[in-house]
$ cat data_28.txt   # compact mmCIF, C-alpha atoms
# COMPACT_ATOMS: atom_id res chain seq x y z
CA MET A 24 0.60 -45.69 24.81
CA ALA A 25 1.24 -42.47 23.01
CA GLU A 26 4.83 -41.60 22.55
CA GLU A 27 5.87 -38.54 24.47
CA LYS A 28 7.86 -36.03 22.51
CA GLN A 29 10.57 -34.25 24.34
CA GLU A 30 11.21 -30.69 23.35
CA GLN A 31 14.79 -29.65 23.19
CA VAL A 32 15.45 -26.23 24.62
CA VAL A 33 18.44 -24.43 23.22
CA GLU A 34 19.89 -21.74 25.38
CA PHE A 35 22.05 -18.95 24.05
CA ASP A 36 24.06 -16.45 25.96
CA THR A 37 23.68 -12.74 25.28
CA GLU A 38 26.66 -12.59 22.95
CA GLN A 39 25.36 -15.45 20.81
CA LEU A 40 21.91 -13.85 20.58
CA GLN A 41 23.45 -10.52 19.51
CA GLU A 42 25.44 -12.31 16.84
CA LEU A 43 22.35 -14.11 15.52
CA MET A 44 20.30 -10.91 15.50
CA ASN A 45 22.95 -8.90 13.65
CA VAL A 46 23.33 -11.36 10.81
CA SER A 47 21.45 -10.07 7.84
CA GLU A 48 21.79 -11.78 4.55
CA GLN A 49 21.00 -9.12 2.03
CA LEU A 50 19.85 -10.27 -1.32
CA PRO A 51 21.76 -8.86 -4.24
CA PRO A 52 19.90 -6.13 -6.11
CA ILE A 53 17.96 -7.20 -9.15
CA GLU A 54 19.43 -5.42 -12.09
CA ILE A 55 16.90 -4.57 -14.78
CA GLN A 56 17.86 -2.63 -17.84
CA MET A 57 16.22 0.81 -18.08
CA GLU A 58 14.76 0.05 -21.48
CA ASP A 59 12.74 -2.82 -19.92
CA TYR A 60 10.78 -0.33 -17.77
CA ASP A 61 7.71 1.50 -18.98
CA GLN A 62 9.38 4.91 -18.99
CA ASP A 63 6.22 6.91 -18.29
CA GLU A 64 5.25 4.72 -15.34
CA PHE A 65 8.82 4.70 -14.06
CA HIS A 66 9.02 8.49 -14.03
CA ARG A 67 5.52 8.71 -12.51
CA GLY A 68 6.73 6.45 -9.70
CA ILE A 69 9.70 8.71 -9.08
CA LYS A 70 7.45 11.78 -9.07
CA ASP A 71 4.90 10.16 -6.71
CA SER A 72 7.63 8.90 -4.38
CA SER A 73 9.31 12.30 -4.35
CA TYR A 74 6.01 13.93 -3.38
CA LEU A 75 5.47 11.40 -0.61
CA ALA A 76 9.05 11.78 0.66
CA GLY A 77 8.54 15.55 0.68
CA GLN A 78 5.35 15.22 2.72
CA ILE A 79 7.00 12.91 5.24
CA THR A 80 10.06 15.12 5.58
CA ALA A 81 8.02 18.29 6.00
CA LEU A 82 5.82 16.75 8.68
CA LEU A 83 8.76 15.27 10.58
CA ASN A 84 10.60 18.60 10.41
CA ALA A 85 7.49 20.25 11.85
CA GLY A 86 8.10 18.19 14.96
CA VAL A 87 5.30 15.65 14.77
CA SER A 88 5.85 11.99 15.59
CA GLU A 89 6.38 9.24 13.03
CA GLY A 90 3.10 7.69 14.12
CA PHE A 91 1.29 10.96 13.43
CA VAL A 92 2.87 11.15 9.97
CA LEU A 93 1.74 7.62 9.11
CA ASP A 94 -1.76 8.24 10.47
CA PHE A 95 -1.98 11.52 8.57
CA LEU A 96 -0.92 9.91 5.28
CA LEU A 97 -3.32 7.00 5.79
CA ASN A 98 -6.20 9.36 6.58
CA GLN A 99 -5.36 11.51 3.57
CA ALA A 100 -5.36 8.47 1.28
CA THR A 101 -8.64 7.25 2.81
CA ILE A 102 -10.31 10.62 2.26
CA ASP A 103 -9.11 10.73 -1.36
CA HIS A 104 -10.42 7.20 -1.91
CA ASN A 105 -13.79 8.00 -0.33
CA ILE A 106 -14.19 11.12 -2.50
CA ARG A 107 -13.43 9.09 -5.64
CA ALA A 108 -15.84 6.34 -4.54
CA ALA A 109 -18.58 8.95 -4.00
CA GLU A 110 -17.96 10.40 -7.49
CA ILE A 111 -18.21 6.94 -9.06
CA ASN A 112 -21.36 6.22 -7.04
CA LYS A 113 -22.91 9.51 -8.21
CA GLU A 114 -22.15 8.70 -11.86
CA MET A 115 -23.60 5.23 -11.42
CA ASN A 116 -26.80 6.60 -9.87
CA ILE A 117 -27.23 9.04 -12.78
CA GLU A 118 -26.91 6.17 -15.27
CA ILE A 119 -29.37 4.04 -13.29
CA ALA A 120 -31.88 6.90 -13.24
CA LYS A 121 -31.52 7.33 -17.01
CA ASN A 122 -32.10 3.61 -17.58
CA GLN A 123 -35.10 3.59 -15.26
CA ARG A 124 -36.63 6.57 -17.10
CA ILE A 125 -36.17 4.79 -20.44
CA THR A 126 -37.74 1.62 -19.02
CA VAL A 127 -40.74 3.58 -17.70
CA GLU A 128 -41.20 5.32 -21.05
CA LYS A 129 -41.11 1.97 -22.89
CA ASN A 130 -43.68 0.50 -20.51
CA GLU A 131 -46.01 3.49 -21.00
CA LEU A 132 -46.09 2.93 -24.76
$ encode --input "data_28.txt" --output "structure tokens"
Amino acid sequence: MAEEKQEQVVEFDTEQLQELMNVSEQLPPIEIQMEDYDQDEFHRGIKDSSYLAGQITALLNAGVSEGFVLDFLLNQATIDHNIRAAEINKEMNIEIAKNQRITVEKNEL
């Protein structure tokens, strides 16, 4: 016979659940000396984040929803990525055409 496992159900009252939900153990910040950072990348991150924070703030102040802001930013990033992918694809096709032309010329000799 297979042993039957009994599940233990723990019941909490509302106050206990609130207490459990409000407990947040924050990890202490990791302190890294400034000289350990790549200064150019660090400042680029601040600049990029400032731009993004500005976009979010401007859109929210225009009265659009948070969901719209996130969708807008995602769509904007997707469009930028697709444009870059198309540029890379174009460059690749040009190089392939050059190589094919050279191959054809070699075969004709």
$ atom_distance --input "data_28.txt" --atom1 "CA of Ala108 (chain A)" --atom2 "CA of Ser72 (chain A)"
23.6 Å
$ residues_around --input "data_28.txt" --residues "Gln78 (chain A)" --least-positions-apart "4" --cutoff "12 Å" --atoms "only C-alpha atoms" --output "short mmCIF file (atom, residue, chain, number, x, y, z; two decimals) with C-alpha atoms, in the coordinates of the input"
data_model
loop_
_atom_site.label_atom_id
_atom_site.label_comp_id
_atom_site.auth_asym_id
_atom_site.auth_seq_id
_atom_site.Cartn_x
_atom_site.Cartn_y
_atom_site.Cartn_z
CA ASP A 71 4.90 10.16 -6.71
CA SER A 72 7.63 8.90 -4.38
CA SER A 73 9.31 12.30 -4.35
CA TYR A 74 6.01 13.93 -3.38
CA LEU A 82 5.82 16.75 8.68
CA LEU A 83 8.76 15.27 10.58
CA ASN A 84 10.60 18.60 10.41
CA ALA A 85 7.49 20.25 11.85
CA GLU A 89 6.38 9.24 13.03
CA VAL A 92 2.87 11.15 9.97
CA LEU A 93 1.74 7.62 9.11
CA PHE A 95 -1.98 11.52 8.57
CA LEU A 96 -0.92 9.91 5.28
CA GLN A 99 -5.36 11.51 3.57
#
$ atom_distance --input "data_28.txt" --atom1 "CA of Leu40 (chain A)" --atom2 "CA of Pro52 (chain A)"
27.9 Å
$ atom_distance --input "data_28.txt" --atom1 "CA of Asn116 (chain A)" --atom2 "CA of Leu97 (chain A)"
28.2 Å
$ decode --input "data_28.txt" --residues "region 74-105 of chain A" --atoms "N, CA, C and O atoms" --output "PDB file, in the first residue's frame"
ATOM      1  N   TYR A  74      17.677  60.397 -19.475  1.00  0.00           N
ATOM      2  CA  TYR A  74      16.847  60.559 -20.671  1.00  0.00           C
ATOM      3  C   TYR A  74      15.571  59.736 -20.541  1.00  0.00           C
ATOM      4  O   TYR A  74      14.470  60.224 -20.789  1.00  0.00           O
ATOM      5  N   LEU A  75      15.728  58.485 -20.101  1.00  0.00           N
ATOM      6  CA  LEU A  75      14.579  57.606 -19.929  1.00  0.00           C
ATOM      7  C   LEU A  75      13.635  58.135 -18.859  1.00  0.00           C
ATOM      8  O   LEU A  75      12.417  58.161 -19.039  1.00  0.00           O
ATOM      9  N   ALA A  76      14.186  58.604 -17.734  1.00  0.00           N
ATOM     10  CA  ALA A  76      13.355  59.168 -16.665  1.00  0.00           C
ATOM     11  C   ALA A  76      12.609  60.396 -17.169  1.00  0.00           C
ATOM     12  O   ALA A  76      11.437  60.615 -16.830  1.00  0.00           O
ATOM     13  N   GLY A  77      13.272  61.198 -18.006  1.00  0.00           N
ATOM     14  CA  GLY A  77      12.626  62.370 -18.580  1.00  0.00           C
ATOM     15  C   GLY A  77      11.478  61.994 -19.495  1.00  0.00           C
ATOM     16  O   GLY A  77      10.405  62.617 -19.461  1.00  0.00           O
ATOM     17  N   GLN A  78      11.672  60.964 -20.311  1.00  0.00           N
ATOM     18  CA  GLN A  78      10.601  60.491 -21.191  1.00  0.00           C
ATOM     19  C   GLN A  78       9.403  60.011 -20.371  1.00  0.00           C
ATOM     20  O   GLN A  78       8.260  60.365 -20.664  1.00  0.00           O
ATOM     21  N   ILE A  79       9.676  59.195 -19.371  1.00  0.00           N
ATOM     22  CA  ILE A  79       8.596  58.649 -18.548  1.00  0.00           C
ATOM     23  C   ILE A  79       7.836  59.774 -17.860  1.00  0.00           C
ATOM     24  O   ILE A  79       6.603  59.808 -17.884  1.00  0.00           O
ATOM     25  N   THR A  80       8.556  60.699 -17.270  1.00  0.00           N
ATOM     26  CA  THR A  80       7.932  61.806 -16.552  1.00  0.00           C
ATOM     27  C   THR A  80       7.081  62.659 -17.489  1.00  0.00           C
ATOM     28  O   THR A  80       5.951  63.021 -17.164  1.00  0.00           O
ATOM     29  N   ALA A  81       7.627  62.971 -18.654  1.00  0.00           N
ATOM     30  CA  ALA A  81       6.883  63.798 -19.606  1.00  0.00           C
ATOM     31  C   ALA A  81       5.598  63.115 -20.047  1.00  0.00           C
ATOM     32  O   ALA A  81       4.538  63.749 -20.124  1.00  0.00           O
ATOM     33  N   LEU A  82       5.673  61.823 -20.328  1.00  0.00           N
ATOM     34  CA  LEU A  82       4.474  61.106 -20.770  1.00  0.00           C
ATOM     35  C   LEU A  82       3.441  61.012 -19.659  1.00  0.00           C
ATOM     36  O   LEU A  82       2.237  61.202 -19.894  1.00  0.00           O
ATOM     37  N   LEU A  83       3.897  60.709 -18.439  1.00  0.00           N
ATOM     38  CA  LEU A  83       2.952  60.627 -17.322  1.00  0.00           C
ATOM     39  C   LEU A  83       2.313  61.987 -17.050  1.00  0.00           C
ATOM     40  O   LEU A  83       1.118  62.075 -16.773  1.00  0.00           O
ATOM     41  N   ASN A  84       3.102  63.051 -17.146  1.00  0.00           N
ATOM     42  CA  ASN A  84       2.559  64.395 -16.931  1.00  0.00           C
ATOM     43  C   ASN A  84       1.592  64.800 -18.030  1.00  0.00           C
ATOM     44  O   ASN A  84       0.767  65.691 -17.834  1.00  0.00           O
ATOM     45  N   ALA A  85       1.693  64.162 -19.191  1.00  0.00           N
ATOM     46  CA  ALA A  85       0.756  64.434 -20.281  1.00  0.00           C
ATOM     47  C   ALA A  85      -0.587  63.750 -20.032  1.00  0.00           C
ATOM     48  O   ALA A  85      -1.542  63.973 -20.769  1.00  0.00           O
ATOM     49  N   GLY A  86      -0.636  62.921 -19.009  1.00  0.00           N
ATOM     50  CA  GLY A  86      -1.905  62.309 -18.626  1.00  0.00           C
ATOM     51  C   GLY A  86      -2.141  60.910 -19.153  1.00  0.00           C
ATOM     52  O   GLY A  86      -3.241  60.385 -19.016  1.00  0.00           O
ATOM     53  N   VAL A  87      -1.134  60.300 -19.747  1.00  0.00           N
ATOM     54  CA  VAL A  87      -1.322  58.940 -20.243  1.00  0.00           C
ATOM     55  C   VAL A  87      -1.087  57.941 -19.110  1.00  0.00           C
ATOM     56  O   VAL A  87      -0.471  58.265 -18.094  1.00  0.00           O
ATOM     57  N   SER A  88      -1.561  56.734 -19.299  1.00  0.00           N
ATOM     58  CA  SER A  88      -1.441  55.709 -18.254  1.00  0.00           C
ATOM     59  C   SER A  88      -0.034  55.133 -18.213  1.00  0.00           C
ATOM     60  O   SER A  88       0.734  55.244 -19.177  1.00  0.00           O
ATOM     61  N   GLU A  89       0.288  54.498 -17.091  1.00  0.00           N
ATOM     62  CA  GLU A  89       1.600  53.847 -16.952  1.00  0.00           C
ATOM     63  C   GLU A  89       1.758  52.743 -17.995  1.00  0.00           C
ATOM     64  O   GLU A  89       2.838  52.556 -18.539  1.00  0.00           O
ATOM     65  N   GLY A  90       0.682  52.028 -18.252  1.00  0.00           N
ATOM     66  CA  GLY A  90       0.725  50.973 -19.266  1.00  0.00           C
ATOM     67  C   GLY A  90       1.059  51.528 -20.640  1.00  0.00           C
ATOM     68  O   GLY A  90       1.840  50.942 -21.390  1.00  0.00           O
ATOM     69  N   PHE A  91       0.464  52.680 -20.972  1.00  0.00           N
ATOM     70  CA  PHE A  91       0.757  53.318 -22.251  1.00  0.00           C
ATOM     71  C   PHE A  91       2.235  53.702 -22.327  1.00  0.00           C
ATOM     72  O   PHE A  91       2.874  53.513 -23.353  1.00  0.00           O
ATOM     73  N   VAL A  92       2.759  54.254 -21.237  1.00  0.00           N
ATOM     74  CA  VAL A  92       4.166  54.672 -21.209  1.00  0.00           C
ATOM     75  C   VAL A  92       5.068  53.470 -21.473  1.00  0.00           C
ATOM     76  O   VAL A  92       5.985  53.536 -22.296  1.00  0.00           O
ATOM     77  N   LEU A  93       4.803  52.363 -20.777  1.00  0.00           N
ATOM     78  CA  LEU A  93       5.632  51.169 -20.966  1.00  0.00           C
ATOM     79  C   LEU A  93       5.510  50.624 -22.385  1.00  0.00           C
ATOM     80  O   LEU A  93       6.512  50.250 -23.005  1.00  0.00           O
ATOM     81  N   ASP A  94       4.291  50.591 -22.910  1.00  0.00           N
ATOM     82  CA  ASP A  94       4.089  50.130 -24.288  1.00  0.00           C
ATOM     83  C   ASP A  94       4.806  51.041 -25.275  1.00  0.00           C
ATOM     84  O   ASP A  94       5.444  50.580 -26.223  1.00  0.00           O
ATOM     85  N   PHE A  95       4.705  52.343 -25.052  1.00  0.00           N
ATOM     86  CA  PHE A  95       5.350  53.312 -25.932  1.00  0.00           C
ATOM     87  C   PHE A  95       6.865  53.107 -25.935  1.00  0.00           C
ATOM     88  O   PHE A  95       7.492  53.063 -27.003  1.00  0.00           O
ATOM     89  N   LEU A  96       7.456  52.969 -24.749  1.00  0.00           N
ATOM     90  CA  LEU A  96       8.903  52.793 -24.658  1.00  0.00           C
ATOM     91  C   LEU A  96       9.346  51.477 -25.294  1.00  0.00           C
ATOM     92  O   LEU A  96      10.375  51.423 -25.977  1.00  0.00           O
ATOM     93  N   LEU A  97       8.555  50.428 -25.085  1.00  0.00           N
ATOM     94  CA  LEU A  97       8.878  49.135 -25.694  1.00  0.00           C
ATOM     95  C   LEU A  97       8.795  49.230 -27.213  1.00  0.00           C
ATOM     96  O   LEU A  97       9.692  48.750 -27.926  1.00  0.00           O
ATOM     97  N   ASN A  98       7.734  49.860 -27.717  1.00  0.00           N
ATOM     98  CA  ASN A  98       7.587  50.007 -29.169  1.00  0.00           C
ATOM     99  C   ASN A  98       8.707  50.852 -29.754  1.00  0.00           C
ATOM    100  O   ASN A  98       9.237  50.551 -30.827  1.00  0.00           O
ATOM    101  N   GLN A  99       9.087  51.901 -29.053  1.00  0.00           N
ATOM    102  CA  GLN A  99      10.171  52.765 -29.512  1.00  0.00           C
ATOM    103  C   GLN A  99      11.482  51.973 -29.597  1.00  0.00           C
ATOM    104  O   GLN A  99      12.213  52.069 -30.582  1.00  0.00           O
ATOM    105  N   ALA A 100      11.768  51.186 -28.571  1.00  0.00           N
ATOM    106  CA  ALA A 100      12.985  50.372 -28.567  1.00  0.00           C
ATOM    107  C   ALA A 100      12.940  49.320 -29.675  1.00  0.00           C
ATOM    108  O   ALA A 100      13.955  49.046 -30.332  1.00  0.00           O
ATOM    109  N   THR A 101      11.771  48.741 -29.913  1.00  0.00           N
ATOM    110  CA  THR A 101      11.617  47.732 -30.962  1.00  0.00           C
ATOM    111  C   THR A 101      11.856  48.344 -32.334  1.00  0.00           C
ATOM    112  O   THR A 101      12.549  47.759 -33.173  1.00  0.00           O
ATOM    113  N   ILE A 102      11.308  49.523 -32.559  1.00  0.00           N
ATOM    114  CA  ILE A 102      11.502  50.206 -33.845  1.00  0.00           C
ATOM    115  C   ILE A 102      12.981  50.519 -34.052  1.00  0.00           C
ATOM    116  O   ILE A 102      13.533  50.265 -35.133  1.00  0.00           O
ATOM    117  N   ASP A 103      13.638  51.052 -33.025  1.00  0.00           N
ATOM    118  CA  ASP A 103      15.066  51.361 -33.129  1.00  0.00           C
ATOM    119  C   ASP A 103      15.872  50.108 -33.447  1.00  0.00           C
ATOM    120  O   ASP A 103      16.777  50.130 -34.284  1.00  0.00           O
ATOM    121  N   HIS A 104      15.526  49.002 -32.783  1.00  0.00           N
ATOM    122  CA  HIS A 104      16.220  47.736 -33.025  1.00  0.00           C
ATOM    123  C   HIS A 104      15.983  47.257 -34.454  1.00  0.00           C
ATOM    124  O   HIS A 104      16.926  46.813 -35.129  1.00  0.00           O
ATOM    125  N   ASN A 105      14.751  47.339 -34.923  1.00  0.00           N
ATOM    126  CA  ASN A 105      14.434  46.873 -36.277  1.00  0.00           C
ATOM    127  C   ASN A 105      15.148  47.707 -37.340  1.00  0.00           C
ATOM    128  O   ASN A 105      15.600  47.169 -38.348  1.00  0.00           O
TER     129      ASN A 105
END
